[in-house]
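Engineer: Following this message is one structure expressed as structure tokens.
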Amino acid sequence: MLTMLVAYDDDGNVIATLDYLVTVTLEGRPALVDFETHEKAGGEMTDVWTVPGARGSKVWPEWLGIRAHDFRVEKEGPPGNKHVAALVHRASGRRRERRAIEDTIRLRAAAAGGELVDVTDLVGAPDRPIILDESGRPVARHFRRRLPTL
Amino acid sequence: MTRNLGRKPGEGQAPFGTFGNDGNTYVDSGGVRVEDDTGLIRVAVGRISAFVDEEDTGDFGLVVRNPEGLVVIDGTSDVFKIVATGTINLTGPNGGGAGGGTSASSVDLATGLTYRPQIFGMLDDSSAFPDEARILPTIVFDLSNGFPASGLVVDHQFMSCKVVNTDETRVTMRWQSRVNRSAITNTFRYFVANEQAF
């Protein structure tokens, strides 16, 4: 699945994000880089990008726009194979739990019986991040007004 | 299987023939064309020279015309495709001394591009302008009629990019200031674009 990358400093604070990356394959074909598969295979994110001043870089399943910088990462897993388990808002302490997000995606996918499922409303997208306020609380999107069109 | 691009793929394959209630979509070995109710070809995909120029030179591509027949999309103009986007933090410099100061932060992206791409950037959030996108470069003048001098450029923030390691793109954000901005951290959004020919 398409995911975002977050880079964090020594304190875990998010200092940079990469929403997506198109690279040119060895065959000369442009293609989206699969960050999640690379991480699960034990690949280093420095193969994808390097961020001076960053302690590390990991996958996160949502797109939060610039509000991602309001969070710090909380990691779990064995040494050398850690992943980001939660994003914790630096001011309010509000948490975004990865397991809950991925469980919801799995449930929706299972209910669809193998059909393609759109989860943009759950995780956002590079051009449609989840909108959060300054305390990390989701802000409801305004519904589009039905206007006369030509 | 999940997908988060908000789209669903089409299914099946269109056989050759004419489609649409008004019989305005045509599929043959040359490609697909869609005509409006005046007979004007509005969209042609495939061997467009045969469809559009009525002289088959074997060129494949895409042409879209507006209702007046003006071509709005075709293969005569290159486009910029965004190959990467993300955000980056930058703390301001302590520019209070002689000559001011500069701070910088950067990311190196494995774009695979071997030439300098185009870049677009914006100041995406700051304490002074929260939740506001400001196109780069940003320039702040001293309008206080005081220090350092009225009308002087106090802050200059700009983004640049270049090729490093032959196939990586380095995006650098710089902040020049004549005053002490070291207590301020701003977030910037970068878009790396690749010029693409049809």
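As shown in the structure tokens, the chain order sets the letters A, B, ...; within each chain, residues go from 1, and ligands are also counted from 1 in the order they appear.
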What lies within 9 Å of A:Lys75 using only C-alpha atoms, ignoring chain neighbours under 4 positions off, as a ChimeraX atom specification?

Structural biologist: /A:12,82-87

Engineer: Residues of the last selection are to be written out with C-alpha atoms, as a PDB file, in the first residue's frame.

Structural biologist:
ATOM      1  CA  GLY A  12      11.509  11.353  18.089  1.00  0.00           C
ATOM      2  CA  LYS A  82      11.493  -1.367  14.715  1.00  0.00           C
ATOM      3  CA  HIS A  83       8.495   0.371  13.227  1.00  0.00           C
ATOM      4  CA  VAL A  84       6.478   3.409  14.251  1.00  0.00           C
ATOM      5  CA  ALA A  85       3.616   2.181  16.437  1.00  0.00           C
ATOM      6  CA  ALA A  86       2.088   5.571  17.221  1.00  0.00           C
ATOM      7  CA  LEU A  87       2.352   9.261  16.585  1.00  0.00           C
TER       8      LEU A  87
END

Engineer: Using only C-alpha atoms, determine which residues lie at most 7 Å from A:Met4, disregarding the query and same-chain residues fewer than 2 positions distant; provide the list as a VMD selection string.

Structural biologist: chain A and resid 6 18 to 20 59 to 63

Engineer: For A:Ile15, work out the shell of residues within 9 Å, counting only C-alpha atoms and skipping chain neighbours fewer than 3 positions away, then give it as a count of residues only.

Structural biologist: 15

Engineer: List the spatial neighbours of B:Gly75 as a ChimeraX atom specification - criterion: any atom at most 8 Å away, only C-alpha atoms, same-chain residues fewer than 6 positions off excluded.

Structural biologist: /B:61-63,197-198

Engineer: Between A:Leu5, A:Ala111, A:Ile130, A:Leu116, which is the closest to chain B once you count only C-alpha atoms?

Structural biologist: A:Leu116

Engineer: Between A:Val73, A:Leu26, A:Ile66, A:Ala41, which has the minimum distance to A:Asp10 (counting only C-alpha atoms)?

Structural biologist: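 Among the listed residues, A:Val73 lies closest to A:Asp10.
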
Engineer: Could you tell me which of B:Gly95, B:Gln176, B:Phe80, B:Val154 comes closest to B:Asp142 if we count only C-alpha atoms?

Structural biologist: B:Val154

Engineer: Might you pull out every residue within 8 Å of A:Ile131, with only C-alpha atoms counted and same-chain residues fewer than 4 positions away left off, and present them as a list of chain:residue names?

Structural biologist: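 Listing them by chain and then by number gives A:Leu64, A:Gly65, A:Arg67, A:Pro138, A:Val139, A:Ala140, A:Arg141.
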
Engineer: Can those selected residues be exported to a file as a PDB file, in the first residue's frame so that it contains N, CA and C atoms?

Structural biologist:
ATOM      1  N   LEU A  64      -0.651  13.358   6.825  1.00  0.00           N
ATOM      2  CA  LEU A  64      -1.110  14.379   7.762  1.00  0.00           C
ATOM      3  C   LEU A  64      -0.681  15.773   7.349  1.00  0.00           C
ATOM      4  N   GLY A  65      -0.117  15.903   6.170  1.00  0.00           N
ATOM      5  CA  GLY A  65       0.337  17.216   5.733  1.00  0.00           C
ATOM      6  C   GLY A  65       1.409  17.752   6.666  1.00  0.00           C
ATOM      7  N   ARG A  67       0.987  19.015   9.475  1.00  0.00           N
ATOM      8  CA  ARG A  67       0.676  18.729  10.868  1.00  0.00           C
ATOM      9  C   ARG A  67       1.452  17.523  11.397  1.00  0.00           C
ATOM     10  N   PRO A 138      -8.793  15.802  14.548  1.00  0.00           N
ATOM     11  CA  PRO A 138      -9.241  15.891  13.149  1.00  0.00           C
ATOM     12  C   PRO A 138     -10.266  17.002  12.953  1.00  0.00           C
ATOM     13  N   VAL A 139     -10.136  17.708  11.864  1.00  0.00           N
ATOM     14  CA  VAL A 139     -11.069  18.769  11.510  1.00  0.00           C
ATOM     15  C   VAL A 139     -11.964  18.243  10.401  1.00  0.00           C
ATOM     16  N   ALA A 140     -13.248  18.374  10.601  1.00  0.00           N
ATOM     17  CA  ALA A 140     -14.186  17.860   9.588  1.00  0.00           C
ATOM     18  C   ALA A 140     -14.044  18.661   8.302  1.00  0.00           C
ATOM     19  N   ARG A 141     -14.037  17.934   7.208  1.00  0.00           N
ATOM     20  CA  ARG A 141     -14.014  18.621   5.920  1.00  0.00           C
ATOM     21  C   ARG A 141     -15.379  19.251   5.648  1.00  0.00           C
TER      22      ARG A 141
END

Engineer: Just to confirm, what's the straight-line distance from atom CA of B:Asn180 to atom CA of B:Ser105 in Å (one decimal)?

Structural biologist: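 Between atom CA of B:Asn180 and atom CA of B:Ser105 the gap works out to 17.3 Å.
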
Engineer: Identify all residues of chain A in strand (DSSP E) (DSSP on the backbone) and supply them as a ChimeraX atom specification.

Structural biologist: /A:4-8,14-24,30-32,49-50,56-60,71-76,83-89,95-97,117-118

Engineer: Hey, what's within 10 Å of stretch 39-45 of chain B if we count only C-alpha atoms and toss same-chain stuff fewer than 4 positions away? As a PyMOL selection string, please?

Structural biologist: chain B and resi 24-27+30-35+49-52+60-74

Engineer: Could you save those same residues with N, CA and C atoms as a PDB file, in the first residue's frame?

Structural biologist:
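Contents of result-v7.pdb, as written:
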ATOM      1  N   ASN B  24     -21.007   8.335 -30.466  1.00  0.00           N
ATOM      2  CA  ASN B  24     -19.944   9.316 -30.640  1.00  0.00           C
ATOM      3  C   ASN B  24     -18.568   8.848 -30.196  1.00  0.00           C
ATOM      4  N   THR B  25     -18.421   7.584 -29.795  1.00  0.00           N
ATOM      5  CA  THR B  25     -17.127   7.060 -29.373  1.00  0.00           C
ATOM      6  C   THR B  25     -16.741   5.924 -30.311  1.00  0.00           C
ATOM      7  N   TYR B  26     -15.571   6.037 -30.894  1.00  0.00           N
ATOM      8  CA  TYR B  26     -15.155   5.087 -31.925  1.00  0.00           C
ATOM      9  C   TYR B  26     -13.847   4.427 -31.510  1.00  0.00           C
ATOM     10  N   VAL B  27     -13.805   3.118 -31.612  1.00  0.00           N
ATOM     11  CA  VAL B  27     -12.603   2.367 -31.260  1.00  0.00           C
ATOM     12  C   VAL B  27     -12.205   1.533 -32.466  1.00  0.00           C
ATOM     13  N   GLY B  30      -6.532   1.969 -34.695  1.00  0.00           N
ATOM     14  CA  GLY B  30      -5.739   3.193 -34.573  1.00  0.00           C
ATOM     15  C   GLY B  30      -5.832   3.836 -33.215  1.00  0.00           C
ATOM     16  N   GLY B  31      -6.889   3.509 -32.447  1.00  0.00           N
ATOM     17  CA  GLY B  31      -7.051   4.108 -31.136  1.00  0.00           C
ATOM     18  C   GLY B  31      -8.498   4.408 -30.831  1.00  0.00           C
ATOM     19  N   VAL B  32      -8.721   5.450 -30.068  1.00  0.00           N
ATOM     20  CA  VAL B  32     -10.058   5.835 -29.638  1.00  0.00           C
ATOM     21  C   VAL B  32     -10.261   7.311 -29.941  1.00  0.00           C
ATOM     22  N   ARG B  33     -11.439   7.649 -30.440  1.00  0.00           N
ATOM     23  CA  ARG B  33     -11.758   9.065 -30.580  1.00  0.00           C
ATOM     24  C   ARG B  33     -13.197   9.301 -30.126  1.00  0.00           C
ATOM     25  N   VAL B  34     -13.407  10.476 -29.579  1.00  0.00           N
ATOM     26  CA  VAL B  34     -14.733  10.854 -29.100  1.00  0.00           C
ATOM     27  C   VAL B  34     -15.129  12.139 -29.814  1.00  0.00           C
ATOM     28  N   GLU B  35     -16.292  12.114 -30.451  1.00  0.00           N
ATOM     29  CA  GLU B  35     -16.786  13.305 -31.141  1.00  0.00           C
ATOM     30  C   GLU B  35     -17.955  13.896 -30.366  1.00  0.00           C
ATOM     31  N   SER B  49      -2.634  11.473 -35.404  1.00  0.00           N
ATOM     32  CA  SER B  49      -2.442  12.220 -36.646  1.00  0.00           C
ATOM     33  C   SER B  49      -3.527  11.864 -37.654  1.00  0.00           C
ATOM     34  N   ALA B  50      -3.940  10.585 -37.650  1.00  0.00           N
ATOM     35  CA  ALA B  50      -4.998  10.175 -38.567  1.00  0.00           C
ATOM     36  C   ALA B  50      -6.327  10.809 -38.188  1.00  0.00           C
ATOM     37  N   PHE B  51      -6.571  10.897 -36.882  1.00  0.00           N
ATOM     38  CA  PHE B  51      -7.837  11.422 -36.400  1.00  0.00           C
ATOM     39  C   PHE B  51      -7.910  12.935 -36.550  1.00  0.00           C
ATOM     40  N   VAL B  52      -6.838  13.589 -36.206  1.00  0.00           N
ATOM     41  CA  VAL B  52      -6.878  15.036 -36.048  1.00  0.00           C
ATOM     42  C   VAL B  52      -6.377  15.761 -37.287  1.00  0.00           C
ATOM     43  N   PHE B  60       1.500   8.504 -32.355  1.00  0.00           N
ATOM     44  CA  PHE B  60       0.578   8.119 -31.294  1.00  0.00           C
ATOM     45  C   PHE B  60       0.621   9.158 -30.191  1.00  0.00           C
ATOM     46  N   GLY B  61      -0.517   9.374 -29.567  1.00  0.00           N
ATOM     47  CA  GLY B  61      -0.541  10.364 -28.496  1.00  0.00           C
ATOM     48  C   GLY B  61      -1.951  10.663 -28.059  1.00  0.00           C
ATOM     49  N   LEU B  62      -2.140  11.864 -27.545  1.00  0.00           N
ATOM     50  CA  LEU B  62      -3.427  12.283 -26.980  1.00  0.00           C
ATOM     51  C   LEU B  62      -3.694  13.729 -27.376  1.00  0.00           C
ATOM     52  N   VAL B  63      -4.901  13.981 -27.835  1.00  0.00           N
ATOM     53  CA  VAL B  63      -5.318  15.349 -28.126  1.00  0.00           C
ATOM     54  C   VAL B  63      -6.686  15.576 -27.504  1.00  0.00           C
ATOM     55  N   VAL B  64      -6.839  16.700 -26.822  1.00  0.00           N
ATOM     56  CA  VAL B  64      -8.134  17.093 -26.265  1.00  0.00           C
ATOM     57  C   VAL B  64      -8.449  18.491 -26.783  1.00  0.00           C
ATOM     58  N   ARG B  65      -9.679  18.656 -27.303  1.00  0.00           N
ATOM     59  CA  ARG B  65     -10.094  19.965 -27.824  1.00  0.00           C
ATOM     60  C   ARG B  65     -11.262  20.503 -27.022  1.00  0.00           C
ATOM     61  N   ASN B  66     -11.353  21.822 -26.949  1.00  0.00           N
ATOM     62  CA  ASN B  66     -12.503  22.430 -26.282  1.00  0.00           C
ATOM     63  C   ASN B  66     -13.652  22.555 -27.291  1.00  0.00           C
ATOM     64  N   PRO B  67     -14.818  23.002 -26.853  1.00  0.00           N
ATOM     65  CA  PRO B  67     -15.974  23.037 -27.766  1.00  0.00           C
ATOM     66  C   PRO B  67     -15.750  23.905 -29.006  1.00  0.00           C
ATOM     67  N   GLU B  68     -14.834  24.844 -28.937  1.00  0.00           N
ATOM     68  CA  GLU B  68     -14.547  25.702 -30.103  1.00  0.00           C
ATOM     69  C   GLU B  68     -13.541  25.044 -31.037  1.00  0.00           C
ATOM     70  N   GLY B  69     -13.058  23.859 -30.668  1.00  0.00           N
ATOM     71  CA  GLY B  69     -12.101  23.175 -31.521  1.00  0.00           C
ATOM     72  C   GLY B  69     -10.661  23.505 -31.196  1.00  0.00           C
ATOM     73  N   LEU B  70     -10.459  24.358 -30.193  1.00  0.00           N
ATOM     74  CA  LEU B  70      -9.101  24.712 -29.797  1.00  0.00           C
ATOM     75  C   LEU B  70      -8.471  23.550 -29.036  1.00  0.00           C
ATOM     76  N   VAL B  71      -7.255  23.168 -29.443  1.00  0.00           N
ATOM     77  CA  VAL B  71      -6.565  22.078 -28.755  1.00  0.00           C
ATOM     78  C   VAL B  71      -6.085  22.566 -27.394  1.00  0.00           C
ATOM     79  N   VAL B  72      -6.544  21.899 -26.321  1.00  0.00           N
ATOM     80  CA  VAL B  72      -6.139  22.298 -24.967  1.00  0.00           C
ATOM     81  C   VAL B  72      -5.082  21.351 -24.396  1.00  0.00           C
ATOM     82  N   ILE B  73      -5.037  20.120 -24.859  1.00  0.00           N
ATOM     83  CA  ILE B  73      -3.988  19.193 -24.444  1.00  0.00           C
ATOM     84  C   ILE B  73      -3.494  18.481 -25.698  1.00  0.00           C
ATOM     85  N   ASP B  74      -2.200  18.458 -25.872  1.00  0.00           N
ATOM     86  CA  ASP B  74      -1.657  17.695 -26.997  1.00  0.00           C
ATOM     87  C   ASP B  74      -0.185  17.419 -26.719  1.00  0.00           C
TER      88      ASP B  74
END

Engineer: So, with only C-alpha atoms as the atoms that count, which of B:Ser29, B:Ser144, B:Asn94, B:Asn165 lies closest to chain A?

Structural biologist: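 That would be B:Asn165, the residue with the smallest distance to chain A.
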
Engineer: I'd like the interatomic distance between atom CA of A:Asn13 and atom CA of A:Thr37, to a tenth of an Å.

Structural biologist: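 Distance reported for this atom pair: 23.8 Å.
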
Engineer: So which residues touch B:Met173 within 12 Å, counting only C-alpha atoms, skipping near sequence neighbours fewer than 2 positions away, as JSON, numbers by chain?

Structural biologist: {"A": [16], "B": [87, 88, 89, 90, 91, 92, 102, 103, 104, 105, 106, 107, 108, 119, 120, 121, 122, 123, 136, 137, 138, 156, 157, 158, 159, 160, 161, 162, 170, 171, 175, 176, 186, 187, 188, 189, 190]}

Engineer: Return the single residue from B:Pro93, B:Ala110, B:Val153, B:Ala84 that is closest to A:Met45, with distances computed using only C-alpha atoms.

Structural biologist: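 Smallest distance to A:Met45 is found for B:Ala110.
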
Engineer: Please return as a list in words: the residues of stretch 32-79 of chain B that backbone DSSP assigns to helix (DSSP H, G or I).

Structural biologist: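 Restricting stretch 32-79 of chain B to helix (DSSP H, G or I) produces Ile48, Ser49, Ala50, Phe51, Val52 and Asp53 of chain B.
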
Engineer: Keeping N, CA and C atoms, export the residues of the selection given above as an mmCIF file, in the first residue's frame.

Structural biologist:
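As a result, selection_29.cif now contains:
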data_model
loop_
_atom_site.group_PDB
_atom_site.id
_atom_site.type_symbol
_atom_site.label_atom_id
_atom_site.label_comp_id
_atom_site.auth_asym_id
_atom_site.auth_seq_id
_atom_site.Cartn_x
_atom_site.Cartn_y
_atom_site.Cartn_z
ATOM 1 N N ILE B 48 -3.168 9.698 -33.379
ATOM 2 C CA ILE B 48 -3.881 10.968 -33.397
ATOM 3 C C ILE B 48 -3.726 11.715 -34.707
ATOM 4 N N SER B 49 -2.634 11.473 -35.404
ATOM 5 C CA SER B 49 -2.442 12.220 -36.646
ATOM 6 C C SER B 49 -3.527 11.864 -37.654
ATOM 7 N N ALA B 50 -3.940 10.585 -37.650
ATOM 8 C CA ALA B 50 -4.998 10.175 -38.567
ATOM 9 C C ALA B 50 -6.327 10.809 -38.188
ATOM 10 N N PHE B 51 -6.571 10.897 -36.882
ATOM 11 C CA PHE B 51 -7.837 11.422 -36.400
ATOM 12 C C PHE B 51 -7.910 12.935 -36.550
ATOM 13 N N VAL B 52 -6.838 13.589 -36.206
ATOM 14 C CA VAL B 52 -6.878 15.036 -36.048
ATOM 15 C C VAL B 52 -6.377 15.761 -37.287
ATOM 16 N N ASP B 53 -5.282 15.254 -37.871
ATOM 17 C CA ASP B 53 -4.699 15.950 -39.010
ATOM 18 C C ASP B 53 -5.195 15.399 -40.342
#
